[in-house]
Structures are given as C-alpha cells and as structure tokens.
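Engineer: Below you'll find target-v1.cif; it's mmCIF, C-alpha atoms.
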```cif
data_target
loop_
_atom_site.label_atom_id
_atom_site.label_comp_id
_atom_site.auth_asym_id
_atom_site.auth_seq_id
_atom_site.Cartn_x
_atom_site.Cartn_y
_atom_site.Cartn_z
CA MET A 15 -108.24 9.06 114.92
CA ASN A 16 -104.96 8.17 113.19
CA ARG A 17 -103.89 4.61 112.35
CA THR A 18 -101.55 4.21 115.39
CA ALA A 19 -104.28 5.21 117.84
CA THR A 20 -106.68 2.75 116.23
CA VAL A 21 -104.24 -0.17 116.69
CA ILE A 22 -103.69 0.73 120.37
CA ALA A 23 -107.42 0.84 120.99
CA ILE A 24 -107.89 -2.63 119.47
CA ILE A 25 -105.08 -4.09 121.65
CA LEU A 26 -106.55 -2.61 124.84
CA ALA A 27 -110.01 -3.92 123.99
CA ALA A 28 -108.63 -7.45 123.44
CA ALA A 29 -106.78 -7.37 126.75
CA ALA A 30 -109.89 -6.21 128.59
CA GLY A 31 -111.90 -9.03 127.01
CA ALA A 32 -109.38 -11.65 128.06
CA LEU A 33 -109.34 -10.31 131.61
CA GLY A 34 -113.09 -10.43 131.77
CA ALA A 35 -113.11 -13.98 130.44
CA ARG A 36 -110.66 -15.01 133.18
CA TYR A 37 -112.89 -13.85 135.97
CA LEU A 38 -116.28 -14.44 134.40
CA ALA A 39 -115.97 -17.77 132.58
CA PRO A 40 -119.35 -19.45 133.23
CA ASP A 41 -119.51 -22.89 134.76
CA GLU A 42 -121.82 -25.68 133.59
CA HIS A 43 -124.76 -23.97 135.38
CA GLY A 44 -124.00 -20.59 133.82
CA THR A 45 -122.52 -19.15 137.01
CA PRO A 46 -119.36 -17.04 136.52
CA THR A 47 -116.30 -18.63 138.17
CA GLU A 48 -112.56 -17.95 138.08
CA HIS A 49 -110.83 -20.73 136.12
CA ALA A 50 -107.67 -19.65 134.33
CA HIS A 51 -104.13 -20.87 133.71
CA GLY A 52 -105.14 -24.45 134.69
CA LYS A 53 -106.26 -23.44 138.22
CA PRO A 54 -109.03 -25.69 139.58
CA ALA A 55 -112.42 -24.15 140.04
CA GLU A 56 -113.88 -23.92 143.53
CA GLY A 57 -115.03 -27.33 144.72
CA GLU A 58 -112.56 -29.35 142.64
CA LYS A 59 -110.53 -31.92 144.63
CA LYS A 60 -106.79 -31.43 144.78
CA SER A 61 -104.40 -33.72 146.63
CA GLY A 62 -102.94 -31.89 149.63
CA GLN A 63 -105.76 -29.40 150.09
CA HIS A 64 -107.79 -29.19 153.28
CA ALA A 65 -111.28 -30.64 153.37
CA GLU A 66 -114.08 -29.43 155.61
CA PRO A 67 -113.75 -30.57 159.24
CA ASP A 68 -115.88 -33.59 160.15
CA GLU A 69 -118.73 -33.67 162.64
CA HIS A 70 -116.19 -33.84 165.49
CA GLY A 71 -114.34 -30.77 164.27
CA ALA A 72 -111.21 -32.80 163.43
CA ASP A 73 -108.87 -31.57 160.70
CA ARG A 74 -109.09 -33.37 157.35
CA ILE A 75 -106.89 -33.32 154.27
CA LEU A 76 -107.12 -34.87 150.81
CA ILE A 77 -104.17 -37.15 149.94
CA SER A 78 -104.35 -39.92 147.36
CA GLU A 79 -103.16 -43.49 147.95
CA VAL A 80 -100.61 -43.04 145.15
CA LYS A 81 -99.01 -40.00 146.78
CA LEU A 82 -98.87 -41.70 150.18
CA ALA A 83 -97.30 -44.84 148.73
CA ALA A 84 -94.68 -42.76 146.91
CA ALA A 85 -93.77 -41.13 150.24
CA GLY A 86 -93.38 -44.52 151.92
CA ALA A 87 -96.54 -44.30 154.03
CA SER A 88 -98.54 -47.49 154.57
CA PHE A 89 -101.90 -48.39 156.08
CA ALA A 90 -103.06 -50.92 158.65
CA GLU A 91 -106.31 -51.72 160.41
CA ALA A 92 -106.84 -50.91 164.07
CA GLY A 93 -107.61 -54.00 166.10
CA PRO A 94 -106.61 -56.29 168.97
CA ALA A 95 -102.93 -56.73 169.82
CA THR A 96 -100.74 -58.33 172.45
CA LEU A 97 -98.47 -55.88 174.26
CA SER A 98 -95.36 -57.30 175.85
CA ASP A 99 -92.94 -56.03 178.45
CA SER A 100 -89.65 -57.02 176.87
CA LEU A 101 -85.91 -56.81 177.32
CA ALA A 102 -83.84 -55.77 174.29
CA LEU A 103 -80.79 -57.96 173.66
CA ASN A 104 -77.96 -58.30 171.16
CA GLY A 105 -76.58 -61.59 169.95
CA ILE A 106 -74.71 -63.55 167.32
CA LEU A 107 -75.57 -66.64 165.28
CA ARG A 108 -73.25 -69.63 165.78
CA ALA A 109 -73.08 -73.13 164.40
CA ASN A 110 -74.49 -75.67 166.81
CA GLN A 111 -71.31 -76.92 168.49
CA GLU A 112 -73.01 -80.21 169.39
CA THR A 113 -73.44 -81.05 165.70
CA LEU A 114 -69.99 -79.87 164.54
CA VAL A 115 -66.89 -81.98 163.93
CA GLN A 116 -63.26 -81.35 163.07
CA VAL A 117 -62.07 -83.73 160.39
CA THR A 118 -58.43 -84.57 161.17
CA PRO A 119 -56.00 -86.84 159.25
CA ARG A 120 -55.32 -90.21 160.92
CA PHE A 121 -51.68 -90.20 159.72
CA PRO A 122 -49.48 -87.30 158.62
CA GLY A 123 -48.64 -87.01 154.96
CA LEU A 124 -48.97 -85.08 151.69
CA VAL A 125 -52.34 -83.89 150.41
CA ARG A 126 -52.81 -85.53 146.99
CA THR A 127 -56.44 -84.58 146.18
CA ILE A 128 -59.09 -82.27 147.64
CA ARG A 129 -62.74 -82.94 146.83
CA LYS A 130 -64.55 -80.46 149.06
CA ARG A 131 -64.35 -76.73 149.70
CA ILE A 132 -66.04 -74.31 152.10
CA GLY A 133 -69.80 -74.24 151.55
CA ASP A 134 -70.05 -77.70 150.01
CA GLN A 135 -72.54 -80.24 151.35
CA VAL A 136 -71.22 -83.63 152.46
CA THR A 137 -72.88 -86.89 153.44
CA LYS A 138 -71.77 -89.19 156.22
CA ASP A 139 -68.59 -91.13 155.27
CA GLU A 140 -68.19 -89.18 152.03
CA PRO A 141 -64.50 -88.75 150.97
CA MET A 142 -63.28 -85.18 151.28
CA ALA A 143 -59.57 -85.53 150.43
CA SER A 144 -56.84 -88.13 149.92
CA ILE A 145 -53.57 -88.08 151.83
CA GLU A 146 -50.37 -90.03 151.11
CA SER A 147 -49.16 -91.42 154.42
CA ASN A 148 -45.54 -90.77 155.36
CA GLN A 149 -45.36 -94.18 156.96
CA SER A 150 -46.76 -96.45 154.24
CA LEU A 151 -46.40 -94.12 151.23
CA THR A 152 -49.91 -95.16 150.24
CA SER A 153 -52.92 -92.84 150.01
CA TYR A 154 -55.97 -93.06 152.25
CA GLU A 155 -59.34 -91.23 152.12
CA LEU A 156 -60.20 -88.52 154.61
CA LYS A 157 -63.96 -88.95 155.22
CA SER A 158 -66.65 -86.85 156.91
CA PRO A 159 -68.03 -88.47 160.07
CA LEU A 160 -71.41 -86.74 159.67
CA ALA A 161 -73.67 -85.12 157.06
CA GLY A 162 -73.53 -81.34 156.94
CA THR A 163 -71.82 -78.30 155.45
CA VAL A 164 -68.09 -77.62 155.16
CA ILE A 165 -67.57 -74.39 157.12
CA ASP A 166 -63.75 -74.39 157.23
CA ARG A 167 -60.79 -75.91 155.38
CA GLN A 168 -57.21 -75.84 156.61
CA ILE A 169 -55.33 -77.84 153.94
CA SER A 170 -54.12 -77.11 150.42
CA LEU A 171 -53.13 -79.39 147.59
CA GLY A 172 -49.57 -80.70 147.91
CA GLU A 173 -48.96 -79.45 151.44
CA TYR A 174 -48.06 -81.51 154.49
CA ALA A 175 -51.13 -82.47 156.55
CA SER A 176 -50.68 -83.30 160.22
CA GLU A 177 -52.87 -85.17 162.64
CA GLN A 178 -52.27 -82.23 165.00
CA LYS A 179 -54.41 -79.83 162.89
CA PRO A 180 -57.96 -80.27 161.52
CA ALA A 181 -58.15 -80.45 157.75
CA PHE A 182 -61.88 -79.58 157.59
CA VAL A 183 -64.67 -78.46 159.88
CA VAL A 184 -68.13 -79.85 159.08
CA ALA A 185 -71.33 -78.60 160.75
CA ASP A 186 -74.95 -79.66 160.60
CA LEU A 187 -76.62 -76.25 160.11
CA THR A 188 -80.21 -77.48 160.33
CA THR A 189 -80.13 -76.06 163.87
CA ILE A 190 -78.39 -72.84 164.92
CA TRP A 191 -77.28 -71.38 168.24
CA VAL A 192 -78.25 -67.80 169.03
CA ASP A 193 -75.89 -66.55 171.74
CA LEU A 194 -77.35 -63.51 173.52
CA SER A 195 -75.49 -61.13 175.84
CA ILE A 196 -77.26 -60.34 179.13
CA TYR A 197 -76.04 -57.33 181.11
CA ARG A 198 -75.37 -57.95 184.77
CA GLN A 199 -78.31 -55.82 185.98
CA ASP A 200 -80.71 -57.97 183.91
CA ILE A 201 -79.35 -61.44 184.70
CA GLN A 202 -81.89 -62.11 187.47
CA ARG A 203 -84.76 -61.33 185.08
CA VAL A 204 -83.81 -64.09 182.61
CA LYS A 205 -84.85 -67.70 183.13
CA ILE A 206 -84.53 -70.92 181.13
CA GLY A 207 -87.72 -71.34 179.09
CA ASP A 208 -88.37 -67.60 178.65
CA GLU A 209 -89.77 -66.66 175.24
CA VAL A 210 -87.46 -64.72 172.91
CA LEU A 211 -88.24 -63.05 169.56
CA ILE A 212 -85.15 -63.12 167.31
CA ASP A 213 -84.83 -60.51 164.54
CA PRO A 214 -82.24 -61.52 161.88
CA ASP A 215 -82.78 -58.14 160.14
CA ASP A 216 -83.34 -59.78 156.76
CA GLY A 217 -86.90 -58.62 156.14
CA GLY A 218 -88.38 -61.99 157.01
CA GLY A 219 -89.86 -61.09 160.40
CA ASP A 220 -89.12 -62.31 163.91
CA ILE A 221 -88.41 -65.94 164.82
CA LYS A 222 -89.81 -67.21 168.11
CA GLY A 223 -87.60 -69.28 170.40
CA ARG A 224 -86.94 -70.00 174.07
CA ILE A 225 -83.91 -69.74 176.34
CA ALA A 226 -82.32 -73.21 176.43
CA TYR A 227 -79.11 -72.45 178.36
CA LEU A 228 -77.76 -69.85 180.80
CA ALA A 229 -74.01 -69.76 181.35
CA PRO A 230 -73.01 -70.20 185.03
CA ILE A 231 -70.17 -67.69 184.64
CA GLY A 232 -69.90 -64.26 183.05
CA ALA A 233 -67.52 -62.79 180.47
CA LEU A 234 -64.69 -60.81 182.05
CA ASP A 235 -64.16 -58.43 179.14
CA THR A 236 -67.83 -57.49 178.50
CA GLN A 237 -69.28 -58.06 181.98
CA THR A 238 -72.20 -59.93 180.45
CA ALA A 239 -73.63 -63.42 180.82
CA LEU A 240 -74.52 -65.71 177.94
CA ALA A 241 -78.05 -66.93 177.24
CA ARG A 242 -78.55 -69.36 174.37
CA VAL A 243 -81.51 -70.08 172.08
CA VAL A 244 -81.48 -73.10 169.76
CA LEU A 245 -83.43 -72.46 166.55
CA PRO A 246 -84.37 -74.77 163.68
CA ASN A 247 -82.81 -73.69 160.38
CA PRO A 248 -84.23 -75.95 157.66
CA ASP A 249 -84.11 -73.31 154.91
CA SER A 250 -80.61 -71.99 155.82
CA ARG A 251 -82.05 -68.56 156.58
CA LEU A 252 -79.77 -68.19 159.61
CA ARG A 253 -76.04 -67.94 158.88
CA PRO A 254 -73.38 -68.35 161.57
CA GLY A 255 -71.31 -65.24 162.19
CA LEU A 256 -74.11 -62.68 161.66
CA PHE A 257 -75.34 -60.38 164.42
CA VAL A 258 -78.99 -60.33 165.48
CA THR A 259 -81.21 -58.39 167.88
CA ALA A 260 -83.76 -59.98 170.15
CA ARG A 261 -86.57 -59.17 172.56
CA LEU A 262 -86.96 -61.33 175.63
CA VAL A 263 -90.66 -61.37 176.59
CA LEU A 264 -91.14 -60.71 180.31
CA ALA A 265 -94.93 -60.21 180.44
CA LYS A 266 -97.90 -60.05 178.03
CA ARG A 267 -101.23 -58.19 177.99
CA ASP A 268 -104.02 -58.32 175.40
CA VAL A 269 -105.75 -55.06 174.39
CA ALA A 270 -108.91 -54.56 172.31
CA VAL A 271 -107.70 -51.75 170.04
CA ALA A 272 -104.11 -50.88 169.17
CA VAL A 273 -102.12 -49.18 166.41
CA ARG A 274 -98.51 -49.31 165.31
CA ALA A 275 -96.18 -47.09 167.31
CA GLY A 276 -95.28 -45.14 164.14
CA ALA A 277 -98.89 -44.03 163.70
CA ILE A 278 -98.93 -41.66 166.69
CA GLN A 279 -98.41 -37.95 165.96
CA THR A 280 -98.95 -34.67 167.81
CA LEU A 281 -100.95 -31.97 166.01
CA GLU A 282 -101.95 -28.67 167.63
CA ASN A 283 -101.16 -30.11 171.07
CA LYS A 284 -103.40 -33.11 170.43
CA THR A 285 -102.36 -36.76 170.12
CA VAL A 286 -103.76 -37.94 166.79
CA VAL A 287 -103.90 -40.88 164.40
CA PHE A 288 -104.51 -40.21 160.69
CA VAL A 289 -107.60 -42.23 159.74
CA ARG A 290 -108.64 -42.91 156.14
CA GLU A 291 -112.13 -41.73 155.19
CA ALA A 292 -113.97 -41.68 151.86
CA ASP A 293 -112.88 -39.63 148.82
CA ASP A 294 -109.13 -39.66 149.63
CA ALA A 295 -109.72 -37.79 152.89
CA LEU A 296 -107.53 -38.36 155.94
CA GLU A 297 -108.79 -37.26 159.33
CA ALA A 298 -106.45 -36.23 162.15
CA ARG A 299 -108.41 -38.20 164.76
CA PRO A 300 -107.72 -37.27 168.41
CA VAL A 301 -107.12 -40.42 170.48
CA VAL A 302 -106.57 -41.40 174.10
CA LEU A 303 -103.54 -43.64 174.59
CA GLY A 304 -103.08 -46.53 177.00
CA GLU A 305 -100.15 -48.88 177.45
CA GLN A 306 -97.55 -49.53 174.78
CA ASP A 307 -94.53 -51.59 173.86
CA SER A 308 -91.88 -51.24 171.17
CA ARG A 309 -94.36 -52.13 168.39
CA PHE A 310 -97.93 -51.24 169.41
CA VAL A 311 -99.82 -48.54 171.33
CA GLU A 312 -103.17 -49.19 173.00
CA ILE A 313 -106.01 -46.84 171.96
CA LYS A 314 -108.52 -46.36 174.79
CA ALA A 315 -110.78 -43.91 172.93
CA GLY A 316 -111.10 -42.31 169.50
CA LEU A 317 -110.63 -45.32 167.21
CA SER A 318 -112.72 -48.40 166.46
CA PRO A 319 -111.53 -51.87 165.37
CA GLY A 320 -111.31 -52.20 161.60
CA GLU A 321 -110.68 -48.53 160.83
CA ARG A 322 -107.77 -47.97 158.42
CA TYR A 323 -105.03 -45.65 159.57
CA VAL A 324 -101.57 -44.52 158.42
CA ALA A 325 -99.30 -46.97 160.23
CA GLU A 326 -95.83 -46.08 158.93
CA ASN A 327 -94.28 -42.71 157.97
CA SER A 328 -97.34 -40.85 159.27
CA PHE A 329 -95.17 -37.73 159.58
CA VAL A 330 -95.72 -37.31 155.81
CA VAL A 331 -99.40 -36.56 156.45
CA LYS A 332 -98.53 -34.24 159.33
CA ALA A 333 -96.17 -32.30 157.03
CA GLU A 334 -98.89 -31.99 154.36
CA MET A 335 -101.32 -30.65 156.93
CA GLY A 336 -98.71 -28.15 158.09
CA LYS A 337 -98.18 -26.92 154.53
CA GLY A 338 -101.92 -26.60 154.01
CA GLU A 339 -102.28 -24.50 157.17
CA ALA A 340 -99.43 -22.21 156.07
CA GLU A 341 -100.99 -21.67 152.63
CA HIS A 342 -104.39 -21.00 154.25
CA ASP A 343 -102.85 -18.34 156.54
CA HIS A 344 -101.46 -16.54 153.53
#
```
Written as structure tokens, how would this file's structure read?
Structural biologist:
Amino acid sequence: MNRTATVIAIILAAAAGALGARYLAPDEHGTPTEHAHGKPAEGEKKSGQHAEPDEHGADRILISEVKLAAAGASFAEAGPATLSDSLALNGILRANQETLVQVTPRFPGLVRTIRKRIGDQVTKDEPMASIESNQSLTSYELKSPLAGTVIDRQISLGEYASEQKPAFVVADLTTIWVDLSIYRQDIQRVKIGDEVLIDPDDGGGDIKGRIAYLAPIGALDTQTALARVVLPNPDSRLRPGLFVTARLVLAKRDVAVAVRAGAIQTLENKTVVFVREADDALEARPVVLGEQDSRFVEIKAGLSPGERYVAENSFVVKAEMGKGEAEHDH
C-alpha cells in the first residue's frame, strides 16, 4: 500500500469511529444512547415538548414559568366569582359643577398682578390677582370664594379685565362627576341607585359608584340620555376631560368555580383550560362551561377550586401545543 492510500484509510477509520460514538455513546448505566451535537438524550425535559398524557388522556406540554412570563401569559387560581349581567357605557369625567365657581372682577380695570395659574391650589379668600379700578384708579384684590384648583384663567398681565367675563375658574376636585351616555333603547333599564363600575383605563382597576342623577331630557345630536355618577377623588386620580368606560350592573349571580374569560381555548374540538401541574407541565383540561359575563366564565365540571390555570394570553400555550403536534407528525 502506497503512502496516499494509507492516509485515506486512516481518515475513513476516524470518521467511522466518530459515527459509532455518536450513536453508541453509553449513558450513566452503560446503555448506548444517541447524544450528539448538543441534542438531549431521551427522557431529558425540554420546554415546549409534549409530555405523556395524564390519567384522563388529556394533552400535556412542558413550558417553564419564565417562558410563559416572557410571552405575557399569567396565572390565576380557579375559585368562586360573582357574575353580573351588565350594560356597557361610555362617559366623560367632569368637574363637579356644584363645587365650581367663576371668579369675576367686581369693577373693570387693568390687571396689575397675577398670582395664580391653571393647576395651582388656592384656599378660600386667597388673593389671585390685583386689578386697578377704572373708577377709583386704586388696586383691589381678586380673591377665590372657595378652596380648590384653578382650572381656567381668562386674564393676562396688563390687559383690561371686565366684570362681564370670568378671570378665573376654581373647582373643588375632591369629588368628580362621571357623565354617562345611555342609548334610547336602554333608558328604561337604568334607575337611580343602580351600581356602576367605572374604568378610568389607567391600570388602577374599576371604581364602584351609583347612579345619582338621570336627565329628564335627551340630547338631540346623539339621541342619548345622561346618567351621572358622583365619585370621591381624594388622590386626584380622576381628571376632568378624560373619557372613561363603565359597566352598569343589572343583575348578579354567585358561582362556585370560575376562570377568567381569556383562559378559555378550543383544542381538537374540545373546550379546554390550561392547568399547571408539577414539573413545568401544563394540561389541556377539558371543561364544561356555564354562565359568563365580560370578565369570568363559570366552570361546571373539569376544574376544582384552587387549581392554577393560565388566565391571560392562553393562546401562547395553544400555539406551543400546535407546534409540538406538527413536529410529532413529521
């Protein structure tokens, strides 16, 4: 055998040895297993892979808490809830007109000083500006008749101020009006004293209130009637001028087991909830649904109180299961 042939034989032998090592690398018990290029050996857990079905035959998949959190999924515990038949409404926040005053000059004249601007707090009888009277040519103080917040200013330094136009508007914002629009077909369903859940859409959750006033006439341009809720506003969370949504509660019913509406998915023609089990496993648990509202769905069978389930963005788990099925088919 010449030198070239010898080199080729050595290369082929090395390649055959490497191939054999790939498929015959022994495990810790001495059993040959495939474990090459970083692929997990059989039995190793990998996020996203299917686990064995449980005793009920339900599909299961392994997904870590970290991966679910990164995808925006969150958990909650199944348990009792109060379902409500509600009416969705739109509204706007307004300053309480019963605790609002227009501060108007007593005599016309030139504005010599301005001490307050929009957003400033004032106390009762606190000076806000000084005006030089046209009649006496002496200056007098323009004072606030109540404590509150300056929400408007209509004068500028050096200009002519008239008793015909307010110089400032001051409002006590510790209470706020929520003016809700009621469509004509729903007017008969709304009564003074009805419970309303106001959502300011600021991440702080709903605020509970009650209908305090129903307008006796409707609005010509929108063909709606006005219903008003008066809310306390000690922390200035509610700001006049902003839109809100609301749910007027028409009826309530308590149920023993319920889940968030976003938890319900359909998988292989079954209605399921993804329930957390041990070892990062999620089970696609078939459930029987009952009544529901905009937030919760009653579970009549398939889920027990206290079990943890994927409450929000559960479609992420459904997509992972779909990918796992596709890989399994191939």
Engineer: In Å, with one decimal, what is the gap from atom CA of Pro300 of chain A to atom CA of Val287 of chain A?
Structural biologist: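 Computed distance, atom CA of Pro300 of chain A to atom CA of Val287 of chain A, equals 6.6 Å.
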Engineer: Evaluate the PyMOL selection byres ((chain A and resi 268) around 12) on the structure here and hand back the selected residues as an mmCIF file with C-alpha atoms, keeping the file's coordinate frame.
Structural biologist:
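New file selection01.cif:
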```cif
data_model
loop_
_atom_site.group_PDB
_atom_site.id
_atom_site.type_symbol
_atom_site.label_atom_id
_atom_site.label_comp_id
_atom_site.auth_asym_id
_atom_site.auth_seq_id
_atom_site.Cartn_x
_atom_site.Cartn_y
_atom_site.Cartn_z
ATOM 1 C CA GLY A 93 -107.610 -54.000 166.100
ATOM 2 C CA PRO A 94 -106.610 -56.290 168.970
ATOM 3 C CA ALA A 95 -102.930 -56.730 169.820
ATOM 4 C CA THR A 96 -100.740 -58.330 172.450
ATOM 5 C CA LEU A 97 -98.470 -55.880 174.260
ATOM 6 C CA SER A 98 -95.360 -57.300 175.850
ATOM 7 C CA ASP A 99 -92.940 -56.030 178.450
ATOM 8 C CA ALA A 265 -94.930 -60.210 180.440
ATOM 9 C CA LYS A 266 -97.900 -60.050 178.030
ATOM 10 C CA ARG A 267 -101.230 -58.190 177.990
ATOM 11 C CA VAL A 269 -105.750 -55.060 174.390
ATOM 12 C CA ALA A 270 -108.910 -54.560 172.310
ATOM 13 C CA VAL A 271 -107.700 -51.750 170.040
ATOM 14 C CA ALA A 272 -104.110 -50.880 169.170
ATOM 15 C CA GLY A 304 -103.080 -46.530 177.000
ATOM 16 C CA GLU A 305 -100.150 -48.880 177.450
ATOM 17 C CA GLN A 306 -97.550 -49.530 174.780
ATOM 18 C CA ASP A 307 -94.530 -51.590 173.860
ATOM 19 C CA PHE A 310 -97.930 -51.240 169.410
ATOM 20 C CA VAL A 311 -99.820 -48.540 171.330
ATOM 21 C CA GLU A 312 -103.170 -49.190 173.000
#
```
Engineer: In Å, rounded to a single decimal, give me how far atom CA of Asp220 of chain A is from atom CA of Ser100 of chain A.
Structural biologist: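 Computing it gives 14.0 Å between the two atoms.
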Engineer: Write out as CSV the residues of segment 213-263 of chain A that have any atom within 8 Å of an atom of segment 175-194 of chain A, one row each with the nearest atom pair and its distance in Å to one decimal, counting all atoms listed in the file, sorted by chain and then rising number.
Structural biologist:
```
residue,atom,partner,partner_atom,distance
A:Leu240,CA,A:Leu194,CA,5.7
A:Ala241,CA,A:Leu194,CA,5.1
A:Arg242,CA,A:Asp193,CA,4.7
A:Val243,CA,A:Val192,CA,5.0
A:Val244,CA,A:Trp191,CA,4.8
A:Leu245,CA,A:Ile190,CA,5.3
A:Pro246,CA,A:Thr189,CA,4.4
A:Asn247,CA,A:Thr188,CA,4.6
A:Pro248,CA,A:Thr188,CA,5.1
A:Asp249,CA,A:Thr188,CA,7.9
A:Ser250,CA,A:Thr188,CA,7.1
A:Leu252,CA,A:Ile190,CA,7.2
A:Pro254,CA,A:Ile190,CA,7.5
```
Engineer: Restricting the calculation to all atoms listed in the file, which member of A:Gly336, A:Pro122, A:Pro159, A:Gly320 is positioned closest to Pro141 of chain A?
Structural biologist: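 Counting all atoms listed in the file, the residue closest to Pro141 of chain A is A:Pro159.
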Engineer: Grab the atom CA of Ala239 of chain A to atom CA of Arg309 of chain A distance for me, in Å with one decimal place.
Structural biologist: 26.7 Å
Engineer: Can you list, as a list in words, every protein, DNA or RNA residue that comes within 7 Å of Thr137 of chain A when you count only C-alpha atoms, leaving out same-chain residues fewer than 5 positions away?
Structural biologist: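 Non-adjacent residues within range: Leu160, Ala161 and Gly162 of chain A.
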Engineer: I would like the residues chosen by the PyMOL selection byres ((chain A and resi 156) around 12) on the shown file; could you give them as a VMD selection string?
Structural biologist: chain A and resid 116 to 123 125 to 130 138 to 147 153 to 155 157 to 159 169 175 177 180 to 182
Engineer: Please write as a list in words the full residue list that the PyMOL selection byres ((chain A and resi 201) around 12) yields on this file.
Structural biologist: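 Evaluating the PyMOL selection byres ((chain A and resi 201) around 12) on these coordinates yields Leu101, Leu103, Leu194, Ser195, Ile196, Tyr197, Arg198, Gln199, Asp200, Gln202, Arg203, Val204, Lys205, Ile206, Leu228, Ala229, Pro230, Ile231, Gly232, Gln237, Thr238, Ala239, Leu240, Ala241 and Leu262 of chain A.
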Engineer: What lies within 12 Å of Leu82 of chain A using all atoms listed in the file, ignoring chain neighbours under 6 positions off, as a compact mmCIF listing (two decimals) with C-alpha atoms, in the frame of the given file?
Structural biologist:
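See around-v1.txt below for the written result:
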```
# COMPACT_ATOMS: atom_id res chain seq x y z
CA SER A 61 -104.40 -33.72 146.63
CA GLY A 62 -102.94 -31.89 149.63
CA LEU A 76 -107.12 -34.87 150.81
CA SER A 88 -98.54 -47.49 154.57
CA PHE A 89 -101.90 -48.39 156.08
CA ARG A 290 -108.64 -42.91 156.14
CA ASP A 294 -109.13 -39.66 149.63
CA ALA A 295 -109.72 -37.79 152.89
CA LEU A 296 -107.53 -38.36 155.94
CA TYR A 323 -105.03 -45.65 159.57
CA VAL A 324 -101.57 -44.52 158.42
CA ALA A 325 -99.30 -46.97 160.23
CA GLU A 326 -95.83 -46.08 158.93
CA ASN A 327 -94.28 -42.71 157.97
CA SER A 328 -97.34 -40.85 159.27
CA PHE A 329 -95.17 -37.73 159.58
CA VAL A 330 -95.72 -37.31 155.81
CA VAL A 331 -99.40 -36.56 156.45
CA LYS A 332 -98.53 -34.24 159.33
CA ALA A 333 -96.17 -32.30 157.03
CA GLU A 334 -98.89 -31.99 154.36
```
Engineer: Which of these, A:Leu124, A:Ile212, A:Leu264, A:Leu303, has the shortest distance to Gly105 of chain A once you count all atoms listed in the file?
Structural biologist: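 Selected residue with least distance to Gly105 of chain A: A:Ile212.
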Engineer: Between A:Leu256, A:Ala92, A:Ala298, A:Val210, single out the one closest to Val273 of chain A, counting only C-alpha atoms.
Structural biologist: A:Ala92
Engineer: Please, could N, CA, C and O atoms be added to segment 145-157 of chain A and the result written as an mmCIF file, in the coordinates of the input?
Structural biologist:
```
data_model
loop_
_atom_site.group_PDB
_atom_site.id
_atom_site.type_symbol
_atom_site.label_atom_id
_atom_site.label_comp_id
_atom_site.auth_asym_id
_atom_site.auth_seq_id
_atom_site.Cartn_x
_atom_site.Cartn_y
_atom_site.Cartn_z
ATOM 1 N N ILE A 145 -54.870 -88.439 151.249
ATOM 2 C CA ILE A 145 -53.570 -88.080 151.830
ATOM 3 C C ILE A 145 -52.622 -89.266 151.692
ATOM 4 O O ILE A 145 -52.974 -90.414 152.017
ATOM 5 N N GLU A 146 -51.393 -88.993 151.221
ATOM 6 C CA GLU A 146 -50.370 -90.030 151.110
ATOM 7 C C GLU A 146 -49.619 -90.120 152.428
ATOM 8 O O GLU A 146 -48.930 -89.177 152.831
ATOM 9 N N SER A 147 -49.752 -91.249 153.100
ATOM 10 C CA SER A 147 -49.160 -91.420 154.420
ATOM 11 C C SER A 147 -47.637 -91.425 154.341
ATOM 12 O O SER A 147 -47.039 -92.059 153.458
ATOM 13 N N ASN A 148 -46.999 -90.765 155.289
ATOM 14 C CA ASN A 148 -45.540 -90.770 155.360
ATOM 15 C C ASN A 148 -44.988 -92.144 155.760
ATOM 16 O O ASN A 148 -43.860 -92.495 155.415
ATOM 17 N N GLN A 149 -45.838 -92.884 156.462
ATOM 18 C CA GLN A 149 -45.360 -94.180 156.960
ATOM 19 C C GLN A 149 -45.426 -95.258 155.884
ATOM 20 O O GLN A 149 -44.452 -95.977 155.645
ATOM 21 N N SER A 150 -46.583 -95.358 155.219
ATOM 22 C CA SER A 150 -46.760 -96.450 154.240
ATOM 23 C C SER A 150 -46.563 -96.021 152.800
ATOM 24 O O SER A 150 -46.483 -96.873 151.909
ATOM 25 N N LEU A 151 -46.503 -94.705 152.586
ATOM 26 C CA LEU A 151 -46.400 -94.120 151.230
ATOM 27 C C LEU A 151 -47.576 -94.524 150.346
ATOM 28 O O LEU A 151 -47.493 -94.494 149.119
ATOM 29 N N THR A 152 -48.673 -94.890 150.973
ATOM 30 C CA THR A 152 -49.910 -95.160 150.240
ATOM 31 C C THR A 152 -50.955 -94.108 150.648
ATOM 32 O O THR A 152 -50.884 -93.524 151.748
ATOM 33 N N SER A 153 -51.898 -93.872 149.750
ATOM 34 C CA SER A 153 -52.920 -92.840 150.010
ATOM 35 C C SER A 153 -54.128 -93.447 150.713
ATOM 36 O O SER A 153 -54.497 -94.608 150.474
ATOM 37 N N TYR A 154 -54.730 -92.661 151.599
ATOM 38 C CA TYR A 154 -55.970 -93.060 152.250
ATOM 39 C C TYR A 154 -56.971 -91.901 152.136
ATOM 40 O O TYR A 154 -56.597 -90.738 151.961
ATOM 41 N N GLU A 155 -58.284 -92.238 152.240
ATOM 42 C CA GLU A 155 -59.340 -91.230 152.120
ATOM 43 C C GLU A 155 -59.640 -90.593 153.475
ATOM 44 O O GLU A 155 -59.734 -91.288 154.498
ATOM 45 N N LEU A 156 -59.766 -89.262 153.429
ATOM 46 C CA LEU A 156 -60.200 -88.520 154.610
ATOM 47 C C LEU A 156 -61.710 -88.308 154.468
ATOM 48 O O LEU A 156 -62.162 -87.617 153.558
ATOM 49 N N LYS A 157 -62.511 -88.939 155.368
ATOM 50 C CA LYS A 157 -63.960 -88.950 155.220
ATOM 51 C C LYS A 157 -64.657 -88.125 156.294
ATOM 52 O O LYS A 157 -64.149 -87.966 157.402
#
```
